[in-house]
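Visitor: File name query_29.cif; file contents mmCIF, C-alpha atoms; full text below.
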data_coords
loop_
_atom_site.label_atom_id
_atom_site.label_comp_id
_atom_site.auth_asym_id
_atom_site.auth_seq_id
_atom_site.Cartn_x
_atom_site.Cartn_y
_atom_site.Cartn_z
CA MET A 370 7.75 -20.37 5.82
CA SER A 371 6.80 -20.36 9.44
CA THR A 372 5.47 -17.37 11.30
CA GLU A 373 4.72 -16.86 14.96
CA GLN A 374 1.00 -16.56 14.40
CA ASN A 375 0.80 -20.06 12.84
CA GLY A 376 1.36 -21.76 16.16
CA GLY A 377 -2.34 -21.98 17.06
CA PRO A 378 -4.83 -24.55 15.84
CA ALA A 379 -6.74 -22.04 13.72
CA ALA A 380 -5.72 -19.12 11.55
CA PRO A 381 -6.28 -15.70 13.17
CA ARG A 382 -9.42 -13.90 12.06
CA THR A 383 -8.43 -10.45 13.29
CA LEU A 384 -5.31 -8.54 14.25
CA ALA A 385 -6.30 -9.02 17.91
CA ASP A 386 -6.33 -12.80 17.40
CA ASP A 387 -2.92 -12.54 15.78
CA LEU A 388 -1.52 -10.56 18.72
CA ARG A 389 -2.91 -13.10 21.21
CA ALA A 390 -0.94 -15.84 19.47
CA ARG A 391 2.35 -13.93 19.70
CA SER A 392 5.01 -14.63 22.27
CA ASP A 393 5.94 -12.16 24.99
CA GLY A 394 9.13 -11.43 23.09
CA ALA A 395 7.23 -10.62 19.90
CA LEU A 396 4.88 -8.28 21.78
CA ALA A 397 7.86 -6.57 23.39
CA GLU A 398 9.40 -6.12 19.94
CA LEU A 399 6.15 -4.53 18.70
CA LEU A 400 6.09 -2.05 21.59
CA ARG A 401 9.75 -1.14 21.06
CA ALA A 402 9.07 -0.52 17.37
CA ARG A 403 5.89 1.46 18.04
CA PRO A 404 6.28 3.09 21.49
CA ASP A 405 3.21 5.30 20.93
CA LEU A 406 1.06 2.19 21.56
CA LEU A 407 2.08 2.33 25.23
CA SER A 408 0.68 5.79 25.98
CA PRO A 409 -1.39 5.16 27.97
CA VAL A 410 -0.75 1.48 28.72
CA PRO A 411 -3.49 -0.60 27.01
CA ASN A 412 -5.76 -2.67 29.23
CA ASP A 413 -5.61 -5.78 27.03
CA LEU A 414 -4.56 -7.05 23.61
CA THR A 415 -7.88 -6.08 22.03
CA GLN A 416 -7.29 -2.48 23.00
CA LEU A 417 -3.69 -2.77 21.77
CA ALA A 418 -4.92 -4.04 18.38
CA THR A 419 -7.45 -1.22 18.14
CA ARG A 420 -4.80 1.38 18.93
CA ALA A 421 -2.39 -0.22 16.43
CA GLY A 422 -5.00 0.34 13.72
CA THR A 423 -5.58 4.04 14.34
CA ARG A 424 -4.58 6.32 11.49
CA ALA A 425 -2.11 8.46 13.46
CA SER A 426 -0.26 5.42 14.79
CA VAL A 427 -0.21 3.65 11.41
CA VAL A 428 1.14 6.77 9.70
CA ARG A 429 4.02 6.91 12.21
CA ALA A 430 4.73 3.19 11.74
CA VAL A 431 4.71 3.44 7.95
CA GLU A 432 7.02 6.46 7.98
CA ARG A 433 9.62 4.43 9.91
CA LEU A 434 9.74 1.50 7.48
CA ASP A 435 12.80 0.85 5.37
CA ARG A 436 12.38 1.39 1.63
CA PHE A 437 11.76 -2.23 0.59
CA ALA A 438 9.38 -2.94 3.48
CA LEU A 439 7.43 0.15 2.39
CA GLN A 440 7.38 -1.04 -1.23
CA THR A 441 6.10 -4.42 0.02
CA ALA A 442 3.30 -2.70 1.93
CA GLU A 443 2.46 -0.61 -1.15
CA ALA A 444 2.23 -3.78 -3.25
CA LEU A 445 -0.03 -5.41 -0.65
CA ALA A 446 -2.31 -2.35 -0.78
CA VAL A 447 -3.00 -2.97 -4.49
CA SER A 448 -3.26 -6.77 -4.09
CA PRO A 449 -6.29 -8.93 -3.33
CA ASP A 450 -7.23 -9.01 0.35
CA PRO A 451 -6.14 -11.49 1.62
CA CYS A 452 -3.12 -11.90 -0.63
CA PRO A 453 -1.23 -15.19 -1.16
CA TYR A 454 2.54 -15.04 -0.89
CA THR A 455 2.96 -16.14 -4.51
CA THR A 456 0.77 -13.26 -5.75
CA LEU A 457 2.77 -10.74 -3.77
CA ALA A 458 6.07 -12.20 -4.97
CA ALA A 459 4.91 -11.83 -8.58
CA LEU A 460 4.35 -8.11 -7.99
CA LEU A 461 7.90 -7.76 -6.63
CA PRO A 462 10.00 -9.75 -9.13
CA GLY A 463 13.75 -10.28 -9.16
CA GLU A 464 16.29 -12.40 -7.29
CA GLU A 465 17.17 -9.74 -4.73
CA ALA A 466 13.51 -9.00 -4.03
CA ALA A 467 12.71 -12.71 -3.69
CA ALA A 468 15.56 -13.14 -1.22
CA ARG A 469 14.56 -10.14 0.90
CA LEU A 470 10.77 -10.42 0.74
CA PRO A 471 10.48 -12.75 3.80
CA ARG A 472 12.42 -10.23 5.88
CA ALA A 473 10.22 -7.37 4.67
CA LEU A 474 7.09 -9.31 5.65
CA GLU A 475 8.54 -10.07 9.08
CA THR A 476 9.22 -6.34 9.51
CA LEU A 477 5.58 -5.55 8.70
CA ARG A 478 4.35 -8.33 11.01
CA ALA A 479 6.62 -7.23 13.85
CA ARG A 480 5.10 -3.74 13.62
CA ALA A 481 1.52 -5.11 13.48
CA LEU A 482 0.99 -3.65 10.01
CA LEU A 483 0.48 -7.15 8.61
CA TRP A 484 -1.15 -10.29 9.95
CA GLY A 485 -2.16 -13.71 8.69
CA ASP A 486 -0.12 -16.62 7.35
CA ASP A 487 1.63 -16.70 3.99
CA GLU A 488 -1.47 -17.96 2.22
CA ARG A 489 -3.64 -15.13 3.57
CA LEU A 490 -1.50 -12.03 4.05
CA ARG A 491 -3.60 -9.13 5.32
CA LEU A 492 -2.40 -5.57 5.49
CA VAL A 493 -4.01 -3.69 8.38
CA ARG A 494 -7.08 -1.93 7.00
CA THR A 495 -5.87 1.55 7.91
CA ALA A 496 -2.54 0.92 6.17
CA ARG A 497 -4.36 -0.36 3.08
CA GLU A 498 -6.56 2.76 3.03
CA LEU A 499 -3.47 4.93 3.47
CA LEU A 500 -1.51 3.32 0.61
CA ALA A 501 -4.30 2.29 -1.79
CA PRO A 502 -4.91 4.50 -4.83
CA THR A 503 -7.64 7.14 -4.86
CA PRO A 504 -8.25 10.05 -7.28
CA ALA A 505 -7.20 12.50 -4.58
CA SER A 506 -4.20 10.43 -3.43
CA PRO A 507 -2.61 8.23 -6.11
CA SER A 508 -0.81 5.08 -5.01
CA PRO A 509 2.99 5.34 -4.73
CA THR A 510 3.02 2.43 -7.18
CA GLY A 511 1.35 4.57 -9.84
CA LEU A 512 -1.45 2.01 -10.17
CA GLY A 513 -5.10 3.01 -10.25
CA PRO A 514 -8.23 1.27 -8.96
CA SER A 515 -9.18 -2.23 -10.03
CA LEU A 516 -11.74 -2.63 -12.80
CA ALA A 517 -14.45 -3.47 -10.25
CA GLU A 518 -13.57 -0.39 -8.16
CA ALA A 519 -13.36 1.87 -11.19
CA THR A 520 -16.78 0.85 -12.50
CA SER A 521 -18.62 1.08 -9.17
CA GLY A 522 -20.06 4.05 -7.29
CA VAL A 523 -20.28 7.31 -9.17
CA SER A 524 -18.25 6.26 -12.18
CA GLY A 525 -21.33 6.28 -14.39
CA MET A 526 -20.60 2.83 -15.86
CA SER A 527 -24.06 1.38 -16.29
CA PRO A 528 -24.69 -2.39 -16.53
CA GLY A 529 -25.69 -1.90 -20.15
CA ARG A 530 -22.39 -0.19 -20.90
CA VAL A 531 -20.47 -3.09 -19.38
CA GLN A 532 -22.40 -5.49 -21.62
CA GLU A 533 -21.48 -3.36 -24.64
CA ILE A 534 -17.80 -3.62 -23.70
CA LEU A 535 -18.11 -7.40 -23.43
CA GLU A 536 -19.54 -7.53 -26.93
CA THR A 537 -16.79 -5.26 -28.29
CA VAL A 538 -13.99 -7.42 -26.87
CA GLY A 539 -15.63 -10.59 -28.18
CA LEU A 540 -16.97 -12.02 -24.92
CA PRO A 541 -20.50 -13.43 -24.52
CA GLY A 542 -23.03 -11.32 -22.64
CA THR A 543 -23.99 -12.16 -19.06
CA HIS A 544 -27.15 -11.83 -16.97
CA ASP A 545 -25.78 -9.49 -14.29
CA PRO A 546 -23.09 -6.82 -13.83
CA VAL A 547 -21.06 -8.89 -11.35
CA SER A 548 -20.46 -11.76 -13.77
CA ALA A 549 -19.85 -9.25 -16.58
CA LEU A 550 -17.08 -7.54 -14.61
CA ALA A 551 -15.67 -10.93 -13.63
CA ALA A 552 -15.48 -11.93 -17.30
CA LEU A 553 -13.79 -8.67 -18.27
CA THR A 554 -11.36 -8.92 -15.34
CA SER A 555 -10.51 -12.48 -16.39
CA LEU A 556 -9.67 -11.18 -19.86
CA PHE A 557 -7.45 -8.41 -18.52
CA THR A 558 -5.53 -10.82 -16.28
CA ASP A 559 -5.02 -13.43 -19.01
CA ARG A 560 -1.62 -12.66 -20.53
CA GLU A 561 -2.27 -14.31 -23.88
CA ARG A 562 -5.78 -12.96 -24.49
CA MET A 563 -4.85 -9.49 -23.26
CA ALA A 564 -1.85 -9.38 -25.59
CA ALA A 565 -4.11 -10.31 -28.50
CA LEU A 566 -6.55 -7.54 -27.55
CA LEU A 567 -3.83 -4.89 -27.29
CA ALA A 568 -2.39 -5.98 -30.62
CA GLN A 569 -5.58 -4.65 -32.19
CA ALA A 570 -5.16 -1.18 -30.66
CA PRO A 571 -4.51 1.71 -33.06
CA PRO A 572 -1.01 3.21 -32.64
CA GLU A 573 -2.44 6.41 -31.10
CA SER A 574 -4.39 4.39 -28.52
CA ALA A 575 -1.32 2.33 -27.65
CA ALA A 576 0.67 5.55 -27.19
CA MET A 577 -1.93 6.82 -24.71
CA LEU A 578 -1.68 3.60 -22.72
CA ASP A 579 2.12 3.95 -22.62
CA LYS A 580 1.76 7.38 -20.98
CA LEU A 581 -0.55 5.99 -18.27
CA THR A 582 1.22 2.67 -17.63
CA TRP A 583 3.56 3.80 -14.84
CA GLY A 584 1.25 6.50 -13.53
CA PRO A 585 -0.42 8.66 -12.77
CA PRO A 586 -3.17 6.45 -14.24
CA TYR A 587 -5.66 9.31 -14.68
CA GLY A 588 -6.18 11.37 -17.80
CA THR A 589 -8.44 14.15 -19.06
CA VAL A 590 -10.48 13.64 -22.24
CA GLU A 591 -13.63 14.92 -23.88
CA LEU A 592 -16.11 12.22 -22.91
CA ASP A 593 -19.00 13.77 -24.85
CA SER A 594 -17.08 13.68 -28.11
CA PRO A 595 -13.93 11.57 -27.61
CA SER A 596 -11.30 11.30 -30.32
CA ALA A 597 -11.02 8.02 -32.22
CA PRO A 598 -8.05 6.69 -30.13
CA VAL A 599 -9.83 7.52 -26.86
CA ALA A 600 -13.11 6.04 -28.10
CA TRP A 601 -11.33 2.77 -28.92
CA LEU A 602 -9.92 2.55 -25.39
CA LEU A 603 -13.30 3.41 -23.80
CA ASP A 604 -15.13 0.85 -25.94
CA HIS A 605 -12.70 -1.88 -24.91
CA GLY A 606 -12.75 -1.02 -21.18
CA LEU A 607 -9.11 0.05 -21.15
CA LEU A 608 -10.14 3.52 -20.02
CA VAL A 609 -12.98 3.94 -17.55
CA PRO A 610 -14.77 7.20 -16.62
CA THR A 611 -14.19 8.07 -12.98
CA GLY A 612 -17.28 10.19 -12.45
CA ALA A 613 -15.23 13.37 -12.23
CA PRO A 614 -15.70 15.73 -15.20
CA ARG A 615 -13.67 14.67 -18.26
CA THR A 616 -11.57 12.23 -16.20
CA VAL A 617 -10.76 8.62 -17.08
CA VAL A 618 -8.55 6.02 -15.41
CA LEU A 619 -6.56 3.03 -16.59
CA PRO A 620 -7.81 -0.03 -14.63
CA ARG A 621 -5.21 -1.71 -12.45
CA GLU A 622 -5.44 -5.09 -14.20
CA ALA A 623 -4.67 -3.51 -17.58
CA ALA A 624 -1.77 -1.51 -16.14
CA LEU A 625 -0.26 -4.61 -14.53
CA HIS A 626 -0.38 -6.40 -17.87
CA LEU A 627 1.42 -3.49 -19.53
CA ARG A 628 3.99 -3.54 -16.71
CA GLU A 629 4.46 -7.30 -17.05
CA GLY A 630 3.08 -7.76 -13.55
CA ARG A 631 5.37 -5.32 -11.70
CA ALA A 632 3.94 -3.19 -8.91
CA HIS A 633 6.87 -0.73 -8.99
CA ARG A 634 8.90 0.63 -11.84
CA VAL A 635 12.08 0.45 -9.75
CA LEU A 636 12.46 -1.91 -6.80
CA GLU A 637 14.90 -1.11 -4.00
CA PRO A 638 15.40 -4.37 -2.07
CA VAL A 639 19.02 -3.52 -1.24
CA PRO A 640 19.76 -0.50 0.97
CA PRO A 641 21.96 2.11 -0.70
CA ALA A 642 25.60 2.10 0.27
CA VAL A 643 26.53 4.62 2.95
CA GLU A 644 29.47 6.71 1.87
CA ALA A 645 31.41 9.15 4.01
CA HIS A 646 31.35 12.63 2.49
CA ARG A 647 33.41 14.24 5.21
CA GLU A 648 35.45 13.10 8.19
CA TYR A 649 35.74 14.86 11.53
CA GLY A 650 38.41 14.57 14.17
CA ALA A 651 37.73 13.31 17.69
CA GLU A 652 38.00 16.81 19.19
CA ALA A 653 35.32 18.19 16.85
CA VAL A 654 33.01 15.25 17.61
CA ASP A 655 33.49 15.65 21.37
CA ALA A 656 32.79 19.39 21.16
CA ALA A 657 29.60 18.84 19.13
CA ALA A 658 28.41 16.15 21.55
CA ALA A 659 29.05 18.39 24.55
CA GLY A 660 27.13 21.21 22.89
CA GLN A 661 24.14 18.99 22.22
CA ALA A 662 24.20 17.64 25.79
CA TYR A 663 24.26 21.21 27.13
CA THR A 664 21.32 22.14 24.88
CA ALA A 665 19.33 19.13 26.08
CA LEU A 666 19.93 19.94 29.74
CA THR A 667 19.05 23.59 29.18
CA THR A 668 15.80 22.63 27.46
CA LEU A 669 14.90 20.22 30.28
CA GLU A 670 15.66 22.87 32.90
CA GLU A 671 13.40 25.34 31.08
CA LEU A 672 10.60 22.75 30.82
CA LEU A 673 10.77 21.94 34.54
CA GLY A 674 10.75 25.63 35.35
CA ASN A 675 7.58 26.13 33.28
CA TRP A 676 5.94 23.10 34.93
CA GLU A 677 6.76 24.50 38.37
CA ALA A 678 4.90 27.71 37.50
CA GLU A 679 2.06 26.05 35.55
CA PRO A 680 1.81 22.31 36.30
CA PRO A 681 0.46 20.23 33.37
CA ALA A 682 -2.91 18.52 33.71
CA VAL A 683 -2.89 14.83 34.63
CA LEU A 684 -4.86 12.59 32.30
CA ARG A 685 -7.57 10.39 33.77
CA ALA A 686 -5.88 7.28 32.30
CA GLY A 687 -2.48 8.35 33.58
CA GLY A 688 0.30 10.47 32.13
CA LEU A 689 0.50 14.19 31.44
CA ALA A 690 -1.51 16.17 28.96
#
Spit out the file's structure as structure tokens when you get a sec.
Guide:
Amino acid sequence: MSTEQNGGPAAPRTLADDLRARSDGALAELLRARPDLLSPVPNDLTQLATRAGTRASVVRAVERLDRFALQTAEALAVSPDPCPYTTLAALLPGEEAAARLPRALETLRARALLWGDDERLRLVRTARELLAPTPASPSPTGLGPSLAEATSGVSGMSPGRVQEILETVGLPGTHDPVSALAALTSLFTDRERMAALLAQAPPESAAMLDKLTWGPPYGTVELDSPSAPVAWLLDHGLLVPTGAPRTVVLPREAALHLREGRAHRVLEPVPPAVEAHREYGAEAVDAAAAGQAYTALTTLEELLGNWEAEPPAVLRAGGLA
């Protein structure tokens, strides 16, 4: 697949580089899709890229996406960064999704929410932060943090504890936490080995995993004295303490295995059919349009009257406050 940003000799390293490689027509399309980027007019493409990455602007752009483009962005937010096209396609399976995925990516690129070629798809950092899962704001996909994310920071997962989990699942010990997590992640992403591990789970433990599979991935347990089903899941790394009192999370890799690799429970690549619920005659439509036009003119007249009495301040960069 060809994209506009692949025309240069080297792959873009930043969104600004990506914008510099775009044609005038592509930049015009971006500004039509996100008119807030023009207020005030940016001095150069670097400033345009910076403004395109601000939270307020990204929120507006995300809110205007169609459903499947939004689901694509949500899948990218829980994917590796950068994400190969094949990895993303595996998260969004199905013939309809496969056929419409290129268009969804072009929509995200056109709105500067995505950059990079198909081998290194990069969601804009602010969009990733907005759509990625956190304890306070779960991902729309229902997925939780990756194993590495779940075991870092304040989670309380000590290096010794990770080594104990390796021993429990039958993996050899390692000399450092990074390689230990890599080994455990490799197990969780190996379909055959993961299936063999889950086949050993007690029925009560498997039932708990079923409840967390499609989200929310967080649960409340007694960590000081966990029940036997919970203890089995903790000992095998299938539940990880989050650091919050009595709270555990199902790592993303384990959830994806249970979902057979799907990022969403229900994909919506095809827009819903628009059905007419009521029909109106031409006279009723004309009367409603005239009423709205009158309201608009009245509002504008009132605004101009207020400005005449109290003129708005002029911004230093141009425009009105």
Visitor: Could you list the residues chosen by the PyMOL selection byres ((chain A and resi 437) around 10) in this structure as a PDB file with C-alpha atoms, in the frame of the given file?
Guide:
ATOM      1  CA  LEU A 434       9.740   1.500   7.480  1.00  0.00           C
ATOM      2  CA  ASP A 435      12.800   0.850   5.370  1.00  0.00           C
ATOM      3  CA  ARG A 436      12.380   1.390   1.630  1.00  0.00           C
ATOM      4  CA  ALA A 438       9.380  -2.940   3.480  1.00  0.00           C
ATOM      5  CA  LEU A 439       7.430   0.150   2.390  1.00  0.00           C
ATOM      6  CA  GLN A 440       7.380  -1.040  -1.230  1.00  0.00           C
ATOM      7  CA  THR A 441       6.100  -4.420   0.020  1.00  0.00           C
ATOM      8  CA  ALA A 442       3.300  -2.700   1.930  1.00  0.00           C
ATOM      9  CA  GLU A 443       2.460  -0.610  -1.150  1.00  0.00           C
ATOM     10  CA  LEU A 461       7.900  -7.760  -6.630  1.00  0.00           C
ATOM     11  CA  ALA A 466      13.510  -9.000  -4.030  1.00  0.00           C
ATOM     12  CA  ARG A 469      14.560 -10.140   0.900  1.00  0.00           C
ATOM     13  CA  LEU A 470      10.770 -10.420   0.740  1.00  0.00           C
ATOM     14  CA  ARG A 472      12.420 -10.230   5.880  1.00  0.00           C
ATOM     15  CA  ALA A 473      10.220  -7.370   4.670  1.00  0.00           C
ATOM     16  CA  LEU A 474       7.090  -9.310   5.650  1.00  0.00           C
ATOM     17  CA  LEU A 636      12.460  -1.910  -6.800  1.00  0.00           C
ATOM     18  CA  GLU A 637      14.900  -1.110  -4.000  1.00  0.00           C
ATOM     19  CA  PRO A 638      15.400  -4.370  -2.070  1.00  0.00           C
ATOM     20  CA  VAL A 639      19.020  -3.520  -1.240  1.00  0.00           C
ATOM     21  CA  PRO A 640      19.760  -0.500   0.970  1.00  0.00           C
TER      22      PRO A 640
END
Visitor: What is the distance between CA of Gly511 in chain A and CA of Trp583 in chain A, in Å to one decimal?
Guide: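 Separation of CA of Gly511 in chain A and CA of Trp583 in chain A: 5.5 Å.
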Visitor: Pull the closest atom pair for each residue of range 430-543 of chain A that gets at most 12 Å from range 416-419 of chain A, along with the distance in Å to one decimal, counting only C-alpha atoms, ordering rows by chain and then ascending residue number, as a Markdown table.
Guide:
| residue | atom | partner | partner_atom | distance |
| --- | --- | --- | --- | --- |
| A:Arg480 | CA | A:Ala418 | CA | 11.1 |
| A:Ala481 | CA | A:Ala418 | CA | 8.2 |
| A:Leu482 | CA | A:Ala418 | CA | 10.3 |
| A:Leu483 | CA | A:Ala418 | CA | 11.6 |
| A:Trp484 | CA | A:Ala418 | CA | 11.2 |
| A:Val493 | CA | A:Ala418 | CA | 10.0 |
| A:Arg494 | CA | A:Thr419 | CA | 11.2 |
| A:Thr495 | CA | A:Thr419 | CA | 10.7 |
Visitor: Using the chain letters and numbers from this file, what does the PyMOL selection byres ((chain A and resi 489) around 7) select? Give the answer as a list in words.
Guide: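 Written out, the selection comes to Pro451, Cys452, Pro453, Gly485, Asp486, Asp487, Glu488, Leu490 and Arg491 of chain A.
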Visitor: Please save C-alpha atoms of the selected residues as a CSV table (one decimal), in the coordinates of the input.
Guide:
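Below is the file that was written, out10.csv:
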chain,number,residue,atom,x,y,z
A,451,PRO,CA,-6.1,-11.5,1.6
A,452,CYS,CA,-3.1,-11.9,-0.6
A,453,PRO,CA,-1.2,-15.2,-1.2
A,485,GLY,CA,-2.2,-13.7,8.7
A,486,ASP,CA,-0.1,-16.6,7.4
A,487,ASP,CA,1.6,-16.7,4.0
A,488,GLU,CA,-1.5,-18.0,2.2
A,490,LEU,CA,-1.5,-12.0,4.0
A,491,ARG,CA,-3.6,-9.1,5.3
Visitor: Quick check on the file I pasted: which residues fall under the PyMOL selection byres ((chain A and resi 462) around 12)? Write them as a list in words.
Guide: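 On this input, the PyMOL selection byres ((chain A and resi 462) around 12) captures Thr441, Ala444, Thr455, Thr456, Leu457, Ala458, Ala459, Leu460, Leu461, Gly463, Glu464, Glu465, Ala466, Ala467, Ala468, Arg469, Leu470, Arg628, Glu629, Gly630, Arg631, Ala632, His633, Arg634, Val635, Leu636, Glu637 and Pro638 of chain A.
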Visitor: Write a file of the just-selected residues containing C-alpha atoms, as an mmCIF file, in the coordinates of the input.
Guide:
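Generated file (part-v1.cif):
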data_model
loop_
_atom_site.group_PDB
_atom_site.id
_atom_site.type_symbol
_atom_site.label_atom_id
_atom_site.label_comp_id
_atom_site.auth_asym_id
_atom_site.auth_seq_id
_atom_site.Cartn_x
_atom_site.Cartn_y
_atom_site.Cartn_z
ATOM 1 C CA THR A 441 6.100 -4.420 0.020
ATOM 2 C CA ALA A 444 2.230 -3.780 -3.250
ATOM 3 C CA THR A 455 2.960 -16.140 -4.510
ATOM 4 C CA THR A 456 0.770 -13.260 -5.750
ATOM 5 C CA LEU A 457 2.770 -10.740 -3.770
ATOM 6 C CA ALA A 458 6.070 -12.200 -4.970
ATOM 7 C CA ALA A 459 4.910 -11.830 -8.580
ATOM 8 C CA LEU A 460 4.350 -8.110 -7.990
ATOM 9 C CA LEU A 461 7.900 -7.760 -6.630
ATOM 10 C CA GLY A 463 13.750 -10.280 -9.160
ATOM 11 C CA GLU A 464 16.290 -12.400 -7.290
ATOM 12 C CA GLU A 465 17.170 -9.740 -4.730
ATOM 13 C CA ALA A 466 13.510 -9.000 -4.030
ATOM 14 C CA ALA A 467 12.710 -12.710 -3.690
ATOM 15 C CA ALA A 468 15.560 -13.140 -1.220
ATOM 16 C CA ARG A 469 14.560 -10.140 0.900
ATOM 17 C CA LEU A 470 10.770 -10.420 0.740
ATOM 18 C CA ARG A 628 3.990 -3.540 -16.710
ATOM 19 C CA GLU A 629 4.460 -7.300 -17.050
ATOM 20 C CA GLY A 630 3.080 -7.760 -13.550
ATOM 21 C CA ARG A 631 5.370 -5.320 -11.700
ATOM 22 C CA ALA A 632 3.940 -3.190 -8.910
ATOM 23 C CA HIS A 633 6.870 -0.730 -8.990
ATOM 24 C CA ARG A 634 8.900 0.630 -11.840
ATOM 25 C CA VAL A 635 12.080 0.450 -9.750
ATOM 26 C CA LEU A 636 12.460 -1.910 -6.800
ATOM 27 C CA GLU A 637 14.900 -1.110 -4.000
ATOM 28 C CA PRO A 638 15.400 -4.370 -2.070
#
Visitor: If we count only C-alpha atoms, what is near Pro541 in chain A at a cut-off of 10 Å, once residues fewer than 4 positions away on the same chain are taken out, given as an mmCIF file with C-alpha atoms, keeping the file's coordinate frame?
Guide:
data_model
loop_
_atom_site.group_PDB
_atom_site.id
_atom_site.type_symbol
_atom_site.label_atom_id
_atom_site.label_comp_id
_atom_site.auth_asym_id
_atom_site.auth_seq_id
_atom_site.Cartn_x
_atom_site.Cartn_y
_atom_site.Cartn_z
ATOM 1 C CA GLN A 532 -22.400 -5.490 -21.620
ATOM 2 C CA LEU A 535 -18.110 -7.400 -23.430
ATOM 3 C CA GLU A 536 -19.540 -7.530 -26.930
ATOM 4 C CA THR A 537 -16.790 -5.260 -28.290
ATOM 5 C CA ALA A 549 -19.850 -9.250 -16.580
ATOM 6 C CA ALA A 552 -15.480 -11.930 -17.300
#
Visitor: Using Å and a single decimal, report how far CA of Pro546 in chain A sits from CA of Pro504 in chain A.
Guide: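 Distance between the two atoms: 23.4 Å.
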Visitor: Env of Leu553 in chain A: 12 Å cut, atoms = all atoms listed in the file, seq-sep filter 5 positions within chain, self excluded. Answer as JSON, numbers by chain.
Guide: {"A": [515, 516, 517, 520, 531, 532, 533, 534, 535, 536, 537, 538, 539, 540, 541, 542, 543, 546, 547, 548, 558, 559, 562, 563, 566, 605, 606, 607, 620, 622, 623]}
Visitor: Nearest to Ala505 in chain A among A:Leu567, A:Ala665, A:Met577, A:Ala613, with distances taken over only C-alpha atoms: which residue is it?
Guide: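 The answer is A:Ala613, which sits nearest to Ala505 in chain A.
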Visitor: List as a PDB file with C-alpha atoms, in the coordinates of the input the protein and nucleic acid residues near range 392-405 of chain A, meaning an atom at most 9 Å away when only C-alpha atoms are counted, but skip any in the same chain fewer than 2 places from it.
Guide:
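This went into selection-v4.pdb:
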ATOM      1  CA  GLU A 373       4.720 -16.860  14.960  1.00  0.00           C
ATOM      2  CA  LEU A 388      -1.520 -10.560  18.720  1.00  0.00           C
ATOM      3  CA  ARG A 389      -2.910 -13.100  21.210  1.00  0.00           C
ATOM      4  CA  ALA A 390      -0.940 -15.840  19.470  1.00  0.00           C
ATOM      5  CA  LEU A 407       2.080   2.330  25.230  1.00  0.00           C
ATOM      6  CA  SER A 408       0.680   5.790  25.980  1.00  0.00           C
ATOM      7  CA  PRO A 409      -1.390   5.160  27.970  1.00  0.00           C
ATOM      8  CA  ALA A 421      -2.390  -0.220  16.430  1.00  0.00           C
ATOM      9  CA  SER A 426      -0.260   5.420  14.790  1.00  0.00           C
ATOM     10  CA  ARG A 429       4.020   6.910  12.210  1.00  0.00           C
ATOM     11  CA  ALA A 430       4.730   3.190  11.740  1.00  0.00           C
ATOM     12  CA  ARG A 433       9.620   4.430   9.910  1.00  0.00           C
ATOM     13  CA  ARG A 478       4.350  -8.330  11.010  1.00  0.00           C
ATOM     14  CA  ALA A 479       6.620  -7.230  13.850  1.00  0.00           C
ATOM     15  CA  ARG A 480       5.100  -3.740  13.620  1.00  0.00           C
ATOM     16  CA  ALA A 481       1.520  -5.110  13.480  1.00  0.00           C
TER      17      ALA A 481
END
Visitor: May I ask for the distance between CA of Arg497 in chain A and CA of Arg621 in chain A, given in Å to one decimal place?
Guide: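 Separation between CA of Arg497 in chain A and CA of Arg621 in chain A: 15.6 Å.
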